[in-house]
Amino acid sequence: MRVRLKKHASRVDEAIDLASYVMNDYNYELQKQRILEKYHFDVFDVEKMMDSRSKIARLFQRDFQTHHEVLNFFFAKRSNAFSLARFFLKTPYFQAEKRRCRAVFYEDENRVESFVAAFKELKLIDESVDENMTTFEGLSLLLERMDIADEDKWMLQTVYLHLHGYLKRFCGLVNQIVDWLMTFEEQICQEEALFNSYWTQYVEQHDFSDYLSKRLNIAVKADTTQIWIVPSYFACSRIVYEYRQDTIMYVYIGMILDQAFSFEKKYETPSLLCSHLKLLSDPSKFEILRVIKEKSHYGSELAKIFHLSTPTISHHVQALENAGFIKSEKKDNRTYYSMDIDRLSLFLAQIHHMLIEREKEE
């Protein structure tokens, strides 16, 4: 399996990340304090890096103040945490290069099928929904059954009917943000150089696939032929991944995510331990862990077991996955969830250490 690094992040991706964070009130200052509290960093100047992002976010709010309404329409999170921007990214009509995006339409593309596929990617509907749906009436009936707000159902119907106009306006806005980001190109490129230097050395000395599975709770499919590591500037402390052509894995790594983010250090502070204890106090989440302890299950299986909607199950599962208590793996177009025994054991060991063990006397 070959591991390669992208020297530069896609500026289109960065523009979308920046607008999404700003329109959903992401606070880089608060995140900086949380990071400095949770981890020890020997490689990067975390405080300086977070301050630079906070400054760019403030300038973006100022310079795009007159665009606030349209930015809010495309990027603000709606019911079940999806946004219209995220929806567009899951459709075949949005195409992006490093510095430009455009709306592309194909005559033989079935718009309803594309919408249904995007809904599934966003976990707004069950995997079992008929993919052969082809009419607007069928889509409207599907929207009626979806667990999202009525205003979002009407919005999606309107977008369907006027897709060309909405997508072109969205792409124009994103390209405008990309051009604005050129002001900070030197700063971003400097951090990309640091990122590449660190990860080039890391992958030369370590098994990156093993790092993903054991350190970051990301399962790598057995038939993966290539892994691309892509820097992420504004999503600077996050890691996400996707597969393309089934066997090529793209891993988007935040620029301050280094080996200090290993799960051995994740549960260092009492405040973080308490937040995960609160998570486990939810009976539904606790029972989900019990069910997947012996056997992995996919979303609609869990929904049937607990008599809950698939989006509700997805909400519980996402929270548990973010905490590191479960891991996911895609098989046959379904996402299966299983317990991460190692991480849960580590969490319980930390609780035992803080509450049960006595400090040794000198």
# chains A, B, ... in the order shown; residues from 1 in each chain; ligands from 1
>>> residues_around(residues="stretch 351-356 of chain A", least_positions_apart="5", cutoff="9 Å", atoms="only C-alpha atoms", output="VMD selection string")
chain A and resid 270 273 346
>>> select_by_dssp(residues="stretch 101-257 of chain A", states="strand (DSSP E)", output="NGL selection string")
:A and (101-103 or 226-232 or 239-244 or 248-254)
>>> residues_around(residues="stretch 150-152 of chain A", least_positions_apart="5", cutoff="10 Å", atoms="only C-alpha atoms", output="list in words")
Arg78, Ser79, Phe82, Ser83, Leu84, Leu143, Glu144, Gln157 and Thr158 of chain A
>>> write_last_selection(atoms="all heavy atoms", output="PDB file, in the first residue's frame")
ATOM      1  N   ARG A  78     -28.477  22.809   9.410  1.00  0.00           N
ATOM      2  CA  ARG A  78     -29.927  22.690   9.531  1.00  0.00           C
ATOM      3  C   ARG A  78     -30.253  21.476  10.406  1.00  0.00           C
ATOM      4  O   ARG A  78     -29.389  20.978  11.127  1.00  0.00           O
ATOM      5  CB  ARG A  78     -30.542  22.559   8.134  1.00  0.00           C
ATOM      6  CG  ARG A  78     -30.212  23.760   7.233  1.00  0.00           C
ATOM      7  CD  ARG A  78     -30.649  23.555   5.798  1.00  0.00           C
ATOM      8  NE  ARG A  78     -30.263  24.689   4.973  1.00  0.00           N
ATOM      9  CZ  ARG A  78     -30.993  25.771   4.799  1.00  0.00           C
ATOM     10  NH1 ARG A  78     -32.175  25.864   5.403  1.00  0.00           N
ATOM     11  NH2 ARG A  78     -30.576  26.757   4.046  1.00  0.00           N
ATOM     12  N   SER A  79     -31.492  21.017  10.355  1.00  0.00           N
ATOM     13  CA  SER A  79     -31.873  19.867  11.170  1.00  0.00           C
ATOM     14  C   SER A  79     -30.985  18.671  10.826  1.00  0.00           C
ATOM     15  O   SER A  79     -30.604  18.465   9.670  1.00  0.00           O
ATOM     16  CB  SER A  79     -33.349  19.519  10.944  1.00  0.00           C
ATOM     17  OG  SER A  79     -33.680  19.499   9.568  1.00  0.00           O
ATOM     18  N   PHE A  82     -27.059  18.837   8.861  1.00  0.00           N
ATOM     19  CA  PHE A  82     -26.604  18.946   7.480  1.00  0.00           C
ATOM     20  C   PHE A  82     -26.738  20.405   7.032  1.00  0.00           C
ATOM     21  O   PHE A  82     -27.525  21.168   7.576  1.00  0.00           O
ATOM     22  CB  PHE A  82     -27.404  18.014   6.557  1.00  0.00           C
ATOM     23  CG  PHE A  82     -28.669  18.599   5.988  1.00  0.00           C
ATOM     24  CD1 PHE A  82     -28.682  19.162   4.727  1.00  0.00           C
ATOM     25  CD2 PHE A  82     -29.854  18.591   6.718  1.00  0.00           C
ATOM     26  CE1 PHE A  82     -29.841  19.710   4.200  1.00  0.00           C
ATOM     27  CE2 PHE A  82     -31.024  19.122   6.199  1.00  0.00           C
ATOM     28  CZ  PHE A  82     -31.019  19.691   4.932  1.00  0.00           C
ATOM     29  N   SER A  83     -25.941  20.781   6.060  1.00  0.00           N
ATOM     30  CA  SER A  83     -26.044  22.113   5.474  1.00  0.00           C
ATOM     31  C   SER A  83     -26.218  21.946   3.972  1.00  0.00           C
ATOM     32  O   SER A  83     -25.902  20.887   3.412  1.00  0.00           O
ATOM     33  CB  SER A  83     -24.788  22.938   5.762  1.00  0.00           C
ATOM     34  OG  SER A  83     -23.665  22.379   5.105  1.00  0.00           O
ATOM     35  N   LEU A  84     -26.710  22.980   3.313  1.00  0.00           N
ATOM     36  CA  LEU A  84     -26.892  22.897   1.868  1.00  0.00           C
ATOM     37  C   LEU A  84     -25.538  22.731   1.174  1.00  0.00           C
ATOM     38  O   LEU A  84     -25.425  22.032   0.165  1.00  0.00           O
ATOM     39  CB  LEU A  84     -27.607  24.151   1.363  1.00  0.00           C
ATOM     40  CG  LEU A  84     -28.120  24.100  -0.087  1.00  0.00           C
ATOM     41  CD1 LEU A  84     -29.009  22.885  -0.306  1.00  0.00           C
ATOM     42  CD2 LEU A  84     -28.881  25.377  -0.415  1.00  0.00           C
ATOM     43  N   LEU A 143     -39.189  12.993   1.071  1.00  0.00           N
ATOM     44  CA  LEU A 143     -38.911  14.125   1.951  1.00  0.00           C
ATOM     45  C   LEU A 143     -39.920  14.196   3.092  1.00  0.00           C
ATOM     46  O   LEU A 143     -39.560  14.543   4.230  1.00  0.00           O
ATOM     47  CB  LEU A 143     -38.927  15.430   1.151  1.00  0.00           C
ATOM     48  CG  LEU A 143     -37.729  15.678   0.234  1.00  0.00           C
ATOM     49  CD1 LEU A 143     -37.997  16.849  -0.703  1.00  0.00           C
ATOM     50  CD2 LEU A 143     -36.471  15.939   1.048  1.00  0.00           C
ATOM     51  N   GLU A 144     -41.166  13.861   2.815  1.00  0.00           N
ATOM     52  CA  GLU A 144     -42.197  13.882   3.857  1.00  0.00           C
ATOM     53  C   GLU A 144     -41.867  12.917   4.986  1.00  0.00           C
ATOM     54  O   GLU A 144     -42.189  13.166   6.144  1.00  0.00           O
ATOM     55  CB  GLU A 144     -43.561  13.541   3.250  1.00  0.00           C
ATOM     56  CG  GLU A 144     -44.205  14.686   2.482  1.00  0.00           C
ATOM     57  CD  GLU A 144     -44.439  15.888   3.374  1.00  0.00           C
ATOM     58  OE1 GLU A 144     -44.970  15.720   4.495  1.00  0.00           O
ATOM     59  OE2 GLU A 144     -44.060  17.009   2.977  1.00  0.00           O
ATOM     60  N   GLN A 157     -36.917  20.807  -1.875  1.00  0.00           N
ATOM     61  CA  GLN A 157     -37.782  20.747  -3.054  1.00  0.00           C
ATOM     62  C   GLN A 157     -37.509  21.925  -3.986  1.00  0.00           C
ATOM     63  O   GLN A 157     -37.438  21.768  -5.211  1.00  0.00           O
ATOM     64  CB  GLN A 157     -39.255  20.742  -2.627  1.00  0.00           C
ATOM     65  CG  GLN A 157     -39.715  19.421  -2.014  1.00  0.00           C
ATOM     66  CD  GLN A 157     -41.170  19.472  -1.584  1.00  0.00           C
ATOM     67  OE1 GLN A 157     -41.600  20.426  -0.937  1.00  0.00           O
ATOM     68  NE2 GLN A 157     -41.920  18.453  -1.934  1.00  0.00           N
ATOM     69  N   THR A 158     -37.350  23.105  -3.394  1.00  0.00           N
ATOM     70  CA  THR A 158     -37.062  24.303  -4.193  1.00  0.00           C
ATOM     71  C   THR A 158     -35.717  24.179  -4.890  1.00  0.00           C
ATOM     72  O   THR A 158     -35.572  24.525  -6.072  1.00  0.00           O
ATOM     73  CB  THR A 158     -37.072  25.557  -3.295  1.00  0.00           C
ATOM     74  OG1 THR A 158     -38.328  25.650  -2.619  1.00  0.00           O
ATOM     75  CG2 THR A 158     -36.843  26.815  -4.119  1.00  0.00           C
TER      76      THR A 158
END
>>> closest_residue(among="A:Leu212, A:Ile292, A:Ala319, A:Cys101", to="A:Tyr336", atoms="only C-alpha atoms")
A:Ile292
>>> residues_around(residues="A:Val116", least_positions_apart="3", cutoff="8 Å", atoms="only C-alpha atoms", output="PyMOL selection string")
chain A and resi 112-113+119-120+131+139
>>> select_by_dssp(residues="stretch 46-128 of chain A", states="alpha helix (DSSP H)", output="NGL selection string")
:A and (46-63 or 68-75 or 84-89 or 111-121)
>>> residues_around(residues="A:Asn196", least_positions_apart="6", cutoff="10 Å", atoms="only C-alpha atoms", output="tab-separated table (two decimals) with N, CA and C atoms, in the first residue's frame")
chain	number	residue	atom	x	y	z
A	5	LEU	N	1.70	12.16	-0.03
A	5	LEU	CA	1.27	13.41	0.60
A	5	LEU	C	0.94	14.46	-0.46
A	6	LYS	N	-0.16	15.17	-0.25
A	6	LYS	CA	-0.46	16.35	-1.05
A	6	LYS	C	0.30	17.53	-0.46
A	7	LYS	N	1.03	18.24	-1.28
A	7	LYS	CA	1.81	19.37	-0.77
A	7	LYS	C	0.93	20.53	-0.35
A	8	HIS	N	-0.22	20.69	-1.02
A	8	HIS	CA	-1.09	21.82	-0.73
A	8	HIS	C	-2.54	21.36	-0.59
A	202	TYR	N	7.30	11.07	9.19
A	202	TYR	CA	6.53	10.09	9.95
A	202	TYR	C	6.25	8.83	9.13
A	229	ILE	N	-2.44	11.60	1.99
A	229	ILE	CA	-2.54	12.46	3.16
A	229	ILE	C	-2.69	13.90	2.66
A	230	VAL	N	-3.77	14.55	3.06
A	230	VAL	CA	-4.08	15.89	2.57
A	230	VAL	C	-4.12	16.86	3.75
A	231	PRO	N	-3.37	17.96	3.71
A	231	PRO	CA	-3.41	18.93	4.82
A	231	PRO	C	-4.74	19.67	4.86
A	255	MET	N	-3.70	20.54	10.44
A	255	MET	CA	-2.27	20.88	10.44
A	255	MET	C	-1.63	20.87	11.82
>>> closest_residue(among="A:Tyr233, A:Arg58, A:Gln245, A:Phe73", to="A:Met155", atoms="only C-alpha atoms")
A:Phe73
>>> closest_residue(among="A:Phe94, A:Lys153, A:Arg11, A:Val317", to="A:Tyr166", atoms="only C-alpha atoms")
A:Phe94
>>> residues_around(residues="A:Val22", least_positions_apart="5", cutoff="12 Å", atoms="only C-alpha atoms", output="ChimeraX atom specification")
/A:15-17,27-28,53-62,64-65,68,71-72,75-77,234-235
>>> closest_residue(among="A:Ser271, A:Ser237, A:Ser338, A:Ser197", to="A:Met50", atoms="only C-alpha atoms")
A:Ser237
>>> atom_distance(atom1="atom CA of A:Asp63", atom2="atom CA of A:Gln187")
18.8 Å
>>> closest_residue(among="A:Tyr106, A:Phe115, A:Tyr93, A:Trp228", to="A:Arg4", atoms="only C-alpha atoms")
A:Trp228
>>> residues_around(residues="A:His276", least_positions_apart="3", cutoff="10 Å", atoms="only C-alpha atoms", output="list in words")
Tyr267, Ser271, Leu272, Leu273, Leu279, Leu280, Ser281, Ala319, Leu320, Ala323, Gly324, Phe325 and Phe347 of chain A
>>> closest_residue(among="A:Cys274, A:Cys171, A:Leu194, A:Cys189", to="A:Gln95", atoms="only C-alpha atoms")
A:Cys171
>>> decode(residues="stretch 195-237 of chain A", atoms="N, CA and C atoms", output="PDB file, in the first residue's frame")
ATOM      1  N   PHE A 195       3.792  20.974   7.759  1.00  0.00           N
ATOM      2  CA  PHE A 195       2.959  19.772   7.755  1.00  0.00           C
ATOM      3  C   PHE A 195       3.621  18.673   6.930  1.00  0.00           C
ATOM      4  N   ASN A 196       4.052  19.017   5.728  1.00  0.00           N
ATOM      5  CA  ASN A 196       4.657  18.024   4.845  1.00  0.00           C
ATOM      6  C   ASN A 196       5.972  17.499   5.399  1.00  0.00           C
ATOM      7  N   SER A 197       6.742  18.380   6.019  1.00  0.00           N
ATOM      8  CA  SER A 197       8.004  17.950   6.606  1.00  0.00           C
ATOM      9  C   SER A 197       7.765  16.928   7.716  1.00  0.00           C
ATOM     10  N   TYR A 198       6.785  17.212   8.565  1.00  0.00           N
ATOM     11  CA  TYR A 198       6.496  16.308   9.676  1.00  0.00           C
ATOM     12  C   TYR A 198       5.990  14.961   9.178  1.00  0.00           C
ATOM     13  N   TRP A 199       4.959  14.981   8.311  1.00  0.00           N
ATOM     14  CA  TRP A 199       4.319  13.724   7.905  1.00  0.00           C
ATOM     15  C   TRP A 199       5.170  12.927   6.925  1.00  0.00           C
ATOM     16  N   THR A 200       6.024  13.592   6.150  1.00  0.00           N
ATOM     17  CA  THR A 200       6.951  12.852   5.285  1.00  0.00           C
ATOM     18  C   THR A 200       7.882  12.002   6.129  1.00  0.00           C
ATOM     19  N   GLN A 201       8.409  12.617   7.182  1.00  0.00           N
ATOM     20  CA  GLN A 201       9.296  11.879   8.081  1.00  0.00           C
ATOM     21  C   GLN A 201       8.536  10.776   8.813  1.00  0.00           C
ATOM     22  N   TYR A 202       7.297  11.075   9.191  1.00  0.00           N
ATOM     23  CA  TYR A 202       6.527  10.089   9.952  1.00  0.00           C
ATOM     24  C   TYR A 202       6.248   8.833   9.125  1.00  0.00           C
ATOM     25  N   VAL A 203       5.773   9.010   7.890  1.00  0.00           N
ATOM     26  CA  VAL A 203       5.407   7.841   7.082  1.00  0.00           C
ATOM     27  C   VAL A 203       6.636   7.055   6.646  1.00  0.00           C
ATOM     28  N   GLU A 204       7.806   7.693   6.642  1.00  0.00           N
ATOM     29  CA  GLU A 204       9.032   6.964   6.331  1.00  0.00           C
ATOM     30  C   GLU A 204       9.436   6.044   7.472  1.00  0.00           C
ATOM     31  N   GLN A 205       9.038   6.399   8.686  1.00  0.00           N
ATOM     32  CA  GLN A 205       9.484   5.656   9.866  1.00  0.00           C
ATOM     33  C   GLN A 205       8.402   4.786  10.494  1.00  0.00           C
ATOM     34  N   HIS A 206       7.144   4.983  10.082  1.00  0.00           N
ATOM     35  CA  HIS A 206       6.045   4.253  10.710  1.00  0.00           C
ATOM     36  C   HIS A 206       5.087   3.688   9.666  1.00  0.00           C
ATOM     37  N   ASP A 207       4.282   2.740  10.109  1.00  0.00           N
ATOM     38  CA  ASP A 207       3.207   2.184   9.283  1.00  0.00           C
ATOM     39  C   ASP A 207       1.993   3.099   9.431  1.00  0.00           C
ATOM     40  N   PHE A 208       1.704   3.888   8.399  1.00  0.00           N
ATOM     41  CA  PHE A 208       0.622   4.866   8.503  1.00  0.00           C
ATOM     42  C   PHE A 208      -0.731   4.195   8.630  1.00  0.00           C
ATOM     43  N   SER A 209      -0.914   3.067   7.976  1.00  0.00           N
ATOM     44  CA  SER A 209      -2.166   2.322   8.095  1.00  0.00           C
ATOM     45  C   SER A 209      -2.397   1.885   9.540  1.00  0.00           C
ATOM     46  N   ASP A 210      -1.333   1.450  10.193  1.00  0.00           N
ATOM     47  CA  ASP A 210      -1.414   1.048  11.596  1.00  0.00           C
ATOM     48  C   ASP A 210      -1.718   2.251  12.475  1.00  0.00           C
ATOM     49  N   TYR A 211      -1.137   3.401  12.144  1.00  0.00           N
ATOM     50  CA  TYR A 211      -1.403   4.634  12.882  1.00  0.00           C
ATOM     51  C   TYR A 211      -2.881   5.001  12.817  1.00  0.00           C
ATOM     52  N   LEU A 212      -3.464   4.891  11.621  1.00  0.00           N
ATOM     53  CA  LEU A 212      -4.875   5.233  11.450  1.00  0.00           C
ATOM     54  C   LEU A 212      -5.773   4.317  12.270  1.00  0.00           C
ATOM     55  N   SER A 213      -5.506   3.023  12.237  1.00  0.00           N
ATOM     56  CA  SER A 213      -6.398   2.074  12.906  1.00  0.00           C
ATOM     57  C   SER A 213      -6.221   2.071  14.419  1.00  0.00           C
ATOM     58  N   LYS A 214      -4.979   2.136  14.884  1.00  0.00           N
ATOM     59  CA  LYS A 214      -4.741   2.000  16.320  1.00  0.00           C
ATOM     60  C   LYS A 214      -4.742   3.330  17.065  1.00  0.00           C
ATOM     61  N   ARG A 215      -4.322   4.390  16.399  1.00  0.00           N
ATOM     62  CA  ARG A 215      -4.219   5.674  17.077  1.00  0.00           C
ATOM     63  C   ARG A 215      -5.443   6.556  16.856  1.00  0.00           C
ATOM     64  N   LEU A 216      -6.009   6.474  15.655  1.00  0.00           N
ATOM     65  CA  LEU A 216      -7.075   7.410  15.307  1.00  0.00           C
ATOM     66  C   LEU A 216      -8.412   6.724  15.050  1.00  0.00           C
ATOM     67  N   ASN A 217      -8.474   5.426  15.313  1.00  0.00           N
ATOM     68  CA  ASN A 217      -9.759   4.716  15.257  1.00  0.00           C
ATOM     69  C   ASN A 217     -10.371   4.729  13.852  1.00  0.00           C
ATOM     70  N   ILE A 218      -9.537   4.690  12.820  1.00  0.00           N
ATOM     71  CA  ILE A 218     -10.005   4.672  11.440  1.00  0.00           C
ATOM     72  C   ILE A 218      -9.601   3.354  10.802  1.00  0.00           C
ATOM     73  N   ALA A 219     -10.595   2.568  10.405  1.00  0.00           N
ATOM     74  CA  ALA A 219     -10.317   1.275   9.800  1.00  0.00           C
ATOM     75  C   ALA A 219      -9.941   1.452   8.329  1.00  0.00           C
ATOM     76  N   VAL A 220      -8.855   0.848   7.928  1.00  0.00           N
ATOM     77  CA  VAL A 220      -8.405   0.882   6.536  1.00  0.00           C
ATOM     78  C   VAL A 220      -8.837  -0.414   5.861  1.00  0.00           C
ATOM     79  N   LYS A 221      -9.563  -0.307   4.757  1.00  0.00           N
ATOM     80  CA  LYS A 221     -10.054  -1.499   4.067  1.00  0.00           C
ATOM     81  C   LYS A 221      -8.888  -2.336   3.537  1.00  0.00           C
ATOM     82  N   ALA A 222      -9.091  -3.642   3.557  1.00  0.00           N
ATOM     83  CA  ALA A 222      -8.017  -4.553   3.166  1.00  0.00           C
ATOM     84  C   ALA A 222      -7.584  -4.363   1.716  1.00  0.00           C
ATOM     85  N   ASP A 223      -8.507  -3.958   0.848  1.00  0.00           N
ATOM     86  CA  ASP A 223      -8.174  -3.814  -0.569  1.00  0.00           C
ATOM     87  C   ASP A 223      -7.695  -2.406  -0.937  1.00  0.00           C
ATOM     88  N   THR A 224      -7.392  -1.575   0.075  1.00  0.00           N
ATOM     89  CA  THR A 224      -6.883  -0.227  -0.194  1.00  0.00           C
ATOM     90  C   THR A 224      -5.520  -0.307  -0.884  1.00  0.00           C
ATOM     91  N   THR A 225      -5.385   0.373  -2.022  1.00  0.00           N
ATOM     92  CA  THR A 225      -4.135   0.336  -2.774  1.00  0.00           C
ATOM     93  C   THR A 225      -3.264   1.561  -2.540  1.00  0.00           C
ATOM     94  N   GLN A 226      -3.898   2.676  -2.129  1.00  0.00           N
ATOM     95  CA  GLN A 226      -3.151   3.927  -1.978  1.00  0.00           C
ATOM     96  C   GLN A 226      -3.833   4.819  -0.944  1.00  0.00           C
ATOM     97  N   ILE A 227      -3.021   5.495  -0.147  1.00  0.00           N
ATOM     98  CA  ILE A 227      -3.533   6.465   0.824  1.00  0.00           C
ATOM     99  C   ILE A 227      -2.899   7.815   0.526  1.00  0.00           C
ATOM    100  N   TRP A 228      -3.744   8.825   0.345  1.00  0.00           N
ATOM    101  CA  TRP A 228      -3.275  10.198   0.183  1.00  0.00           C
ATOM    102  C   TRP A 228      -3.474  10.953   1.493  1.00  0.00           C
ATOM    103  N   ILE A 229      -2.435  11.597   1.987  1.00  0.00           N
ATOM    104  CA  ILE A 229      -2.540  12.457   3.158  1.00  0.00           C
ATOM    105  C   ILE A 229      -2.687  13.896   2.662  1.00  0.00           C
ATOM    106  N   VAL A 230      -3.770  14.547   3.063  1.00  0.00           N
ATOM    107  CA  VAL A 230      -4.078  15.892   2.574  1.00  0.00           C
ATOM    108  C   VAL A 230      -4.119  16.863   3.752  1.00  0.00           C
ATOM    109  N   PRO A 231      -3.372  17.962   3.706  1.00  0.00           N
ATOM    110  CA  PRO A 231      -3.413  18.929   4.820  1.00  0.00           C
ATOM    111  C   PRO A 231      -4.742  19.671   4.865  1.00  0.00           C
ATOM    112  N   SER A 232      -5.169  20.017   6.060  1.00  0.00           N
ATOM    113  CA  SER A 232      -6.417  20.753   6.252  1.00  0.00           C
ATOM    114  C   SER A 232      -6.129  21.947   7.152  1.00  0.00           C
ATOM    115  N   TYR A 233      -6.310  23.156   6.629  1.00  0.00           N
ATOM    116  CA  TYR A 233      -5.894  24.358   7.352  1.00  0.00           C
ATOM    117  C   TYR A 233      -6.932  24.806   8.378  1.00  0.00           C
ATOM    118  N   PHE A 234      -8.156  25.057   7.973  1.00  0.00           N
ATOM    119  CA  PHE A 234      -9.153  25.590   8.909  1.00  0.00           C
ATOM    120  C   PHE A 234      -9.741  24.493   9.806  1.00  0.00           C
ATOM    121  N   ALA A 235      -9.847  23.290   9.295  1.00  0.00           N
ATOM    122  CA  ALA A 235     -10.234  22.158  10.150  1.00  0.00           C
ATOM    123  C   ALA A 235      -8.956  21.609  10.763  1.00  0.00           C
ATOM    124  N   CYS A 236      -8.315  22.443  11.578  1.00  0.00           N
ATOM    125  CA  CYS A 236      -6.918  22.224  11.937  1.00  0.00           C
ATOM    126  C   CYS A 236      -6.686  21.159  12.997  1.00  0.00           C
ATOM    127  N   SER A 237      -7.731  20.730  13.701  1.00  0.00           N
ATOM    128  CA  SER A 237      -7.538  19.697  14.725  1.00  0.00           C
ATOM    129  C   SER A 237      -8.492  18.534  14.494  1.00  0.00           C
TER     130      SER A 237
END
